[in-house]
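Structure below is upload-v1.tsv: TSV, C-alpha atoms.
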```tsv
chain	number	residue	atom	x	y	z
A	13	MET	CA	167.83	186.27	121.63
A	14	GLU	CA	170.04	184.53	124.20
A	15	LEU	CA	173.74	184.93	124.86
A	16	ARG	CA	174.21	181.22	124.37
A	17	GLN	CA	172.75	181.52	120.86
A	18	ILE	CA	175.24	184.29	120.10
A	19	GLN	CA	178.07	182.10	121.44
A	20	TYR	CA	176.94	179.23	119.22
A	21	PHE	CA	176.70	181.53	116.20
A	22	ILE	CA	180.25	182.84	116.74
A	23	GLU	CA	181.70	179.33	116.98
A	24	LEU	CA	179.87	178.07	113.89
A	25	TYR	CA	180.85	181.21	111.97
A	26	LYS	CA	184.51	180.48	112.69
A	27	ASP	CA	184.39	176.71	112.08
A	28	ARG	CA	182.00	176.53	109.09
A	29	ASN	CA	181.23	173.00	110.25
A	30	ILE	CA	178.41	171.88	112.57
A	31	THR	CA	180.22	168.69	113.63
A	32	LYS	CA	183.38	170.54	114.64
A	33	SER	CA	181.50	173.35	116.40
A	34	SER	CA	179.28	170.95	118.34
A	35	GLN	CA	182.36	169.10	119.59
A	36	THR	CA	184.03	172.38	120.61
A	37	LEU	CA	180.87	173.57	122.38
A	38	PHE	CA	180.21	170.15	123.96
A	39	ILE	CA	176.63	169.95	122.67
A	40	SER	CA	174.93	167.68	120.15
A	41	GLN	CA	174.85	168.53	116.45
A	42	GLN	CA	171.05	168.50	116.61
A	43	GLY	CA	171.05	170.91	119.57
A	44	LEU	CA	173.39	173.31	117.77
A	45	SER	CA	171.32	173.20	114.57
A	46	LYS	CA	168.10	173.87	116.49
A	47	SER	CA	169.63	176.79	118.37
A	48	ILE	CA	170.90	178.42	115.16
A	49	GLY	CA	167.54	177.75	113.50
A	50	ARG	CA	165.66	179.49	116.34
A	51	LEU	CA	168.04	182.46	116.10
A	52	GLU	CA	167.41	182.71	112.34
A	53	GLU	CA	163.65	182.58	112.92
A	54	GLU	CA	163.87	185.36	115.49
A	55	LEU	CA	166.02	187.54	113.24
A	56	GLY	CA	163.91	186.88	110.17
A	57	PHE	CA	166.76	185.95	107.83
A	58	LEU	CA	169.23	183.15	107.19
A	59	LEU	CA	172.67	183.21	108.80
A	60	PHE	CA	174.15	180.12	107.12
A	61	GLU	CA	173.67	178.24	103.89
A	62	ARG	CA	173.81	174.48	104.50
A	63	THR	CA	175.94	172.43	102.08
A	64	ALA	CA	177.27	168.87	102.00
A	65	ALA	CA	180.74	170.19	102.92
A	66	GLY	CA	179.54	172.32	105.85
A	67	VAL	CA	177.92	175.73	106.23
A	68	ILE	CA	178.62	179.04	104.50
A	69	PRO	CA	177.90	182.32	106.34
A	70	THR	CA	175.50	184.63	104.49
A	71	ASP	CA	176.17	188.32	103.92
A	72	SER	CA	173.88	188.99	106.89
A	73	ALA	CA	176.03	186.77	109.11
A	74	ASP	CA	179.15	188.63	107.97
A	75	LYS	CA	177.55	191.92	109.03
A	76	LEU	CA	176.48	190.57	112.43
A	77	TYR	CA	179.67	188.69	113.38
A	78	LEU	CA	181.69	191.65	114.71
A	79	HIS	CA	178.65	193.02	116.54
A	80	PHE	CA	178.04	189.67	118.22
A	81	ARG	CA	181.71	189.46	119.20
A	82	LYS	CA	181.42	192.87	120.85
A	83	VAL	CA	178.33	191.68	122.74
A	84	MET	CA	180.14	188.60	124.10
A	85	ASP	CA	183.26	190.58	125.02
A	86	ALA	CA	181.17	193.23	126.77
A	87	PHE	CA	179.24	190.59	128.71
A	88	ARG	CA	182.48	188.96	129.84
A	89	GLU	CA	183.80	192.34	131.02
A	90	LEU	CA	180.53	192.90	132.88
A	91	GLU	CA	180.81	189.54	134.64
A	92	LEU	CA	184.37	190.33	135.74
A	93	GLU	CA	183.46	193.81	136.93
A	94	ILE	CA	180.61	192.40	139.01
A	95	ASP	CA	183.11	190.01	140.60
A	96	HIS	CA	185.38	192.94	141.40
A	97	ILE	CA	182.54	194.91	142.97
A	98	ARG	CA	181.62	191.92	145.11
A	99	GLN	CA	185.32	191.47	145.89
A	100	GLU	CA	184.89	187.86	144.91
A	101	ARG	CA	187.23	187.78	141.92
A	102	ILE	CA	189.18	184.55	142.13
A	103	LEU	CA	191.55	183.64	139.31
A	104	LYS	CA	190.69	180.08	138.33
A	105	ILE	CA	193.71	178.10	137.11
A	106	SER	CA	193.26	174.76	135.35
A	107	ALA	CA	196.06	172.24	134.80
A	108	HIS	CA	196.46	168.66	133.66
A	109	PRO	CA	196.63	165.93	136.35
A	110	GLY	CA	199.94	165.77	138.17
A	111	PHE	CA	201.10	169.21	137.00
A	112	ALA	CA	201.46	170.74	140.45
A	113	LEU	CA	203.12	167.65	141.91
A	114	SER	CA	205.64	167.53	139.08
A	115	SER	CA	206.41	171.25	139.34
A	116	ASP	CA	208.57	173.15	141.76
A	117	LYS	CA	206.75	172.82	145.09
A	118	GLU	CA	207.08	176.55	145.67
A	119	ASP	CA	205.63	177.67	142.33
A	120	PHE	CA	202.04	178.21	143.40
A	121	ALA	CA	202.80	179.09	147.01
A	122	GLU	CA	205.21	181.80	145.83
A	123	TYR	CA	202.55	183.59	143.79
A	124	SER	CA	200.09	183.67	146.69
A	125	ARG	CA	202.82	184.76	149.08
A	126	CYS	CA	204.10	187.56	146.86
A	127	TYR	CA	200.68	188.78	145.74
A	128	PRO	CA	198.15	188.10	148.52
A	129	GLU	CA	195.76	190.63	146.95
A	130	TYR	CA	195.23	188.20	144.03
A	131	GLN	CA	193.16	185.19	145.04
A	132	THR	CA	193.59	181.99	143.05
A	133	ARG	CA	191.88	178.63	142.81
A	134	TYR	CA	193.81	175.69	141.32
A	135	MET	CA	192.11	172.66	139.80
A	136	GLU	CA	193.42	169.63	137.92
A	137	GLU	CA	191.34	168.16	135.11
A	138	SER	CA	191.58	166.57	131.67
A	139	LYS	CA	192.42	168.65	128.62
A	140	GLU	CA	188.87	168.24	127.31
A	141	LEU	CA	187.33	169.48	130.56
A	142	ALA	CA	189.80	172.38	130.76
A	143	MET	CA	188.77	173.46	127.25
A	144	GLN	CA	185.11	173.31	128.22
A	145	HIS	CA	185.68	175.27	131.43
A	146	LEU	CA	187.64	177.97	129.60
A	147	GLN	CA	184.80	178.33	127.11
A	148	GLU	CA	182.22	178.51	129.89
A	149	HIS	CA	184.42	180.96	131.89
A	150	LYS	CA	184.62	178.46	134.74
A	151	ALA	CA	188.40	178.68	134.30
A	152	ASP	CA	190.46	181.75	133.36
A	153	VAL	CA	193.84	180.30	132.37
A	154	ALA	CA	195.10	176.77	131.88
A	155	PHE	CA	198.39	174.90	131.79
A	156	MET	CA	197.72	172.77	128.71
A	157	LEU	CA	199.73	170.13	126.87
A	158	ALA	CA	200.42	170.80	123.19
A	159	PRO	CA	199.08	170.67	120.56
A	160	ILE	CA	196.98	173.71	121.48
A	161	PRO	CA	193.51	173.40	119.90
A	162	GLU	CA	192.01	176.02	117.61
A	163	GLY	CA	190.22	178.75	119.51
A	164	PHE	CA	192.83	178.87	122.27
A	165	HIS	CA	195.91	181.07	122.56
A	166	SER	CA	199.30	180.20	124.08
A	167	HIS	CA	200.80	183.07	126.06
A	168	GLN	CA	203.91	181.23	127.22
A	169	LEU	CA	205.71	177.93	126.73
A	170	ILE	CA	206.06	176.86	130.35
A	171	ARG	CA	207.85	173.55	129.99
A	172	LYS	CA	209.48	171.52	127.23
A	173	GLU	CA	210.84	168.11	128.09
A	174	PRO	CA	211.50	164.80	126.32
A	175	LEU	CA	209.16	161.84	126.56
A	176	TYR	CA	210.86	158.65	127.73
A	177	ALA	CA	210.04	155.02	127.22
A	178	VAL	CA	209.14	153.82	130.73
A	179	MET	CA	209.38	150.24	131.98
A	180	GLU	CA	210.26	148.05	134.93
A	181	ASN	CA	214.01	147.58	135.54
A	182	SER	CA	213.91	143.87	134.68
A	183	HIS	CA	212.54	144.53	131.19
A	184	PRO	CA	215.23	143.56	128.59
A	185	LEU	CA	214.92	146.93	126.84
A	186	SER	CA	215.65	148.87	130.03
A	187	ARG	CA	219.37	148.22	129.53
A	188	LYS	CA	219.53	149.96	126.16
A	189	ASP	CA	220.92	153.49	125.84
A	190	TYR	CA	217.84	154.56	123.89
A	191	LEU	CA	214.81	153.09	122.12
A	192	THR	CA	213.35	153.65	118.66
A	193	LEU	CA	210.08	152.67	117.01
A	194	GLU	CA	211.58	149.34	115.94
A	195	ASP	CA	212.08	148.42	119.61
A	196	LEU	CA	208.30	148.46	120.05
A	197	ARG	CA	207.91	145.43	117.79
A	198	GLU	CA	205.77	142.78	119.52
A	199	GLN	CA	205.87	144.76	122.78
A	200	THR	CA	202.87	145.30	125.07
A	201	LEU	CA	202.16	148.96	125.75
A	202	LEU	CA	200.60	150.61	128.79
A	203	LEU	CA	199.52	154.09	127.74
A	204	LEU	CA	199.23	157.07	130.07
A	205	ASP	CA	196.03	158.91	129.10
A	206	LEU	CA	197.60	162.25	130.03
A	207	TYR	CA	199.79	162.02	126.92
A	208	GLY	CA	197.03	160.75	124.62
A	209	GLU	CA	197.96	162.85	121.59
A	210	TYR	CA	201.65	161.97	121.92
A	211	ASN	CA	200.78	158.29	122.33
A	212	GLN	CA	198.70	158.46	119.16
A	213	LEU	CA	201.57	160.05	117.26
A	214	ILE	CA	203.88	157.19	118.30
A	215	LEU	CA	201.33	154.51	117.39
A	216	THR	CA	200.57	156.13	114.03
A	217	GLN	CA	204.28	156.16	113.19
A	218	ALA	CA	204.60	152.51	114.23
A	219	ASP	CA	201.60	151.56	112.07
A	220	SER	CA	203.09	153.38	109.09
A	221	LYS	CA	206.23	151.26	109.44
A	222	ASN	CA	204.23	148.02	109.92
A	223	ILE	CA	205.59	147.54	113.44
A	224	PRO	CA	203.16	145.31	115.36
A	225	TYR	CA	202.46	146.03	119.04
A	226	PHE	CA	199.82	145.24	121.67
A	227	ILE	CA	197.98	147.71	123.92
A	228	TYR	CA	197.33	146.44	127.44
A	229	ASP	CA	195.37	149.46	128.68
A	230	LYS	CA	195.11	153.25	128.86
A	231	VAL	CA	195.31	154.45	132.45
A	232	THR	CA	195.47	157.53	134.66
A	233	ILE	CA	198.62	158.93	136.21
A	234	ASN	CA	197.75	157.33	139.56
A	235	GLU	CA	197.73	153.85	138.01
A	236	PHE	CA	200.52	154.18	135.48
A	237	LEU	CA	203.72	153.56	137.45
A	238	SER	CA	202.10	151.07	139.81
A	239	ILE	CA	201.08	148.81	136.92
A	240	LEU	CA	204.43	149.22	135.17
A	241	ASN	CA	206.11	148.22	138.41
A	242	PHE	CA	204.55	144.75	138.22
A	243	GLY	CA	204.45	143.91	134.52
A	244	SER	CA	206.46	143.61	131.33
A	245	PHE	CA	204.92	146.71	129.74
A	246	ILE	CA	206.30	149.80	128.05
A	247	GLY	CA	204.76	153.25	128.44
A	248	PHE	CA	205.67	156.83	127.63
A	249	SER	CA	206.07	159.72	130.04
A	250	THR	CA	208.37	162.53	131.09
A	251	ASP	CA	210.69	161.86	134.01
A	252	ARG	CA	208.96	164.49	136.15
A	253	VAL	CA	206.50	161.77	137.13
A	254	TYR	CA	209.45	159.77	138.44
A	255	ARG	CA	210.86	162.74	140.35
A	256	TYR	CA	207.73	162.98	142.43
A	257	TYR	CA	206.56	159.38	142.77
A	258	ASN	CA	210.07	157.93	142.97
A	259	PHE	CA	209.49	154.31	141.98
A	260	PRO	CA	213.01	152.79	142.31
A	261	ASN	CA	212.18	149.82	140.06
A	262	ILE	CA	211.19	151.95	137.05
A	263	SER	CA	213.57	152.88	134.22
A	264	PHE	CA	213.26	155.91	131.94
A	265	VAL	CA	214.99	155.25	128.61
A	266	PRO	CA	215.39	158.00	125.98
A	267	PHE	CA	212.98	157.42	123.09
A	268	PHE	CA	213.63	158.65	119.55
A	269	LEU	CA	210.64	158.84	117.24
A	270	SER	CA	212.82	159.48	114.22
A	271	GLY	CA	216.57	159.85	113.76
A	272	ASP	CA	218.26	160.95	116.96
A	273	THR	CA	215.72	163.61	117.96
A	274	PRO	CA	213.72	163.03	121.15
A	275	LEU	CA	209.95	163.48	121.17
A	276	TYR	CA	209.22	166.51	123.32
A	277	SER	CA	206.19	167.22	125.49
A	278	GLU	CA	205.24	170.90	125.74
A	279	THR	CA	203.09	172.60	128.38
A	280	HIS	CA	201.72	176.06	127.58
A	281	LEU	CA	199.85	178.69	129.56
A	282	VAL	CA	196.70	179.32	127.52
A	283	THR	CA	193.47	181.28	127.48
A	284	LEU	CA	190.61	181.45	125.06
A	285	GLU	CA	191.63	183.18	121.86
A	286	ASN	CA	190.78	186.91	121.87
A	287	VAL	CA	189.29	186.71	125.36
A	288	PHE	CA	189.24	189.91	127.41
A	289	LEU	CA	192.15	189.79	129.88
A	290	ASP	CA	191.19	191.49	133.10
A	291	ARG	CA	193.68	192.69	135.71
A	292	GLU	CA	193.99	189.31	137.46
A	293	MET	CA	194.49	187.31	134.28
A	294	GLN	CA	197.03	189.73	132.84
A	295	HIS	CA	198.95	189.87	136.12
A	296	TYR	CA	199.24	186.09	136.34
A	297	ILE	CA	200.25	185.75	132.68
A	298	ASN	CA	202.94	188.42	133.14
A	299	TYR	CA	204.14	186.62	136.28
A	300	GLU	CA	204.55	183.32	134.44
A	301	LYS	CA	206.29	185.00	131.51
A	302	LYS	CA	208.75	186.71	133.85
A	303	LYS	CA	209.34	183.49	135.76
A	304	CYS	CA	210.05	181.54	132.56
A	305	GLY	CA	212.32	184.27	131.25
A	306	HIS	CA	214.13	183.19	128.11
A	307	THR	CA	214.03	179.49	128.92
A	308	SER	CA	211.31	176.98	128.09
A	309	GLN	CA	212.33	174.42	130.70
```

Show me the file's structure as structure tokens.
Amino acid sequence: MELRQIQYFIELYKDRNITKSSQTLFISQQGLSKSIGRLEEELGFLLFERTAAGVIPTDSADKLYLHFRKVMDAFRELELEIDHIRQERILKISAHPGFALSSDKEDFAEYSRCYPEYQTRYMEESKELAMQHLQEHKADVAFMLAPIPEGFHSHQLIRKEPLYAVMENSHPLSRKDYLTLEDLREQTLLLLDLYGEYNQLILTQADSKNIPYFIYDKVTINEFLSILNFGSFIGFSTDRVYRYYNFPNISFVPFFLSGDTPLYSETHLVTLENVFLDREMQHYINYEKKKCGHTSQ
């Protein structure tokens, strides 16, 4: 029996769906099925009943689930304790691209300066890769854009800010006080991949109202403002991007998805759900909570 098999079992037990679990675990459906099958052969009894709608845990699986959870939690604690003994414990912090640059420049330096006994490593990566690294314990905590996926827990809302319609100053719509879905009619959109789920929400709403639009491309944060600066496109972003990159020819116009309520982007500090929080993780989470105080900005 391997730890990876136990990890796969726990995920499938929670999801009841091989497709969903394989996507969460970043393995193929066939690989997940084979791993569970080998575990059942080794144990000598079935863990799941396969149905057209998904899988149903057997009574045996119900009895093993809590024991397997204890095994995984104990192994994680063991890994962390070994790091402490080696004095190599480094808190690994994941964040979406551009997060540090669009934050207060002193945020991360302040933590290291105030608590030099806590070593940190900061890395920027996509939401999908951050999820994978949290699951593989290659990252401890992550600054993640909402919505927060199942299996992950938000400890603190770090930032809540409106998404703007972004365009070059010469664009006719840049002179409006605000934009709505109707303003997207026949417009060409340049989508920032960082806000993929928010982009999809906007496009779904436009489709539901039969508002035609064109998509030029989906690009990274490093390409976004540069392309907008030389085309008649509309994109969506917070103005923190502007604060750092400071493109003088770019306009940020308030965008209302419905009524007069802006569409907000939220960044949360997250960990795996029910993960063991060691001293370093808990200290950093408490630090961020104290820093945020009662505000979510």

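Residues with at least one atom no more than 12 Å from (184.0, 177.9, 135.1), using all atoms listed in the file, are A:Ile102, A:Leu103, A:Lys104, A:Ile105, A:Ser106, A:Arg133, A:Tyr134, A:Met135, A:Leu141, A:Ala142, A:Met143, A:Gln144, A:His145, A:Leu146, A:Gln147, A:Glu148, A:His149, A:Lys150, A:Ala151, A:Asp152, A:Val153, A:Ala154.
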
Could you name the residues that touch Ile160 (chain A) at 12 Å or less, counting all atoms listed in the file, but leaving out those on the same chain fewer than 5 positions away, as a list in words? Lys139, Glu140, Ala142, Met143, Ala154, Phe155, His165, Ser166, His167, Gln168, Leu169, Glu209, Ser277, Glu278, Thr279, His280, Leu281, Val282, Thr283, Leu284 and Glu285 of chain A

Name the residues in contact with region 227-242 of chain A at a cut-off of 7 Å, using all atoms listed in the file, excluding same-chain residues fewer than 5 positions from it; report them as a PyMOL selection string. chain A and resi 179-180+200-206+261-262

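Compared by their closest atoms to Arg187 (chain A), and using only C-alpha atoms, the residues A:Val265, A:Leu78, A:Leu44, A:Ala73 rank with A:Val265 nearest.
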
If we count all atoms listed in the file and set the cut-off at 12 Å, which residues sit around Asp290 (chain A), ignoring sequence neighbours fewer than 4 positions away in its own chain? Please answer as a PDB file with C-alpha atoms, in the coordinates of the input.
```pdb
ATOM      1  CA  ASP A  85     183.260 190.580 125.020  1.00  0.00           C
ATOM      2  CA  ALA A  86     181.170 193.230 126.770  1.00  0.00           C
ATOM      3  CA  ARG A  88     182.480 188.960 129.840  1.00  0.00           C
ATOM      4  CA  GLU A  89     183.800 192.340 131.020  1.00  0.00           C
ATOM      5  CA  LEU A  90     180.530 192.900 132.880  1.00  0.00           C
ATOM      6  CA  GLU A  91     180.810 189.540 134.640  1.00  0.00           C
ATOM      7  CA  LEU A  92     184.370 190.330 135.740  1.00  0.00           C
ATOM      8  CA  GLU A  93     183.460 193.810 136.930  1.00  0.00           C
ATOM      9  CA  ASP A  95     183.110 190.010 140.600  1.00  0.00           C
ATOM     10  CA  HIS A  96     185.380 192.940 141.400  1.00  0.00           C
ATOM     11  CA  ARG A 101     187.230 187.780 141.920  1.00  0.00           C
ATOM     12  CA  ILE A 102     189.180 184.550 142.130  1.00  0.00           C
ATOM     13  CA  LEU A 103     191.550 183.640 139.310  1.00  0.00           C
ATOM     14  CA  ASP A 152     190.460 181.750 133.360  1.00  0.00           C
ATOM     15  CA  VAL A 153     193.840 180.300 132.370  1.00  0.00           C
ATOM     16  CA  THR A 283     193.470 181.280 127.480  1.00  0.00           C
ATOM     17  CA  GLN A 294     197.030 189.730 132.840  1.00  0.00           C
ATOM     18  CA  HIS A 295     198.950 189.870 136.120  1.00  0.00           C
ATOM     19  CA  TYR A 296     199.240 186.090 136.340  1.00  0.00           C
ATOM     20  CA  ILE A 297     200.250 185.750 132.680  1.00  0.00           C
TER      21      ILE A 297
END
```
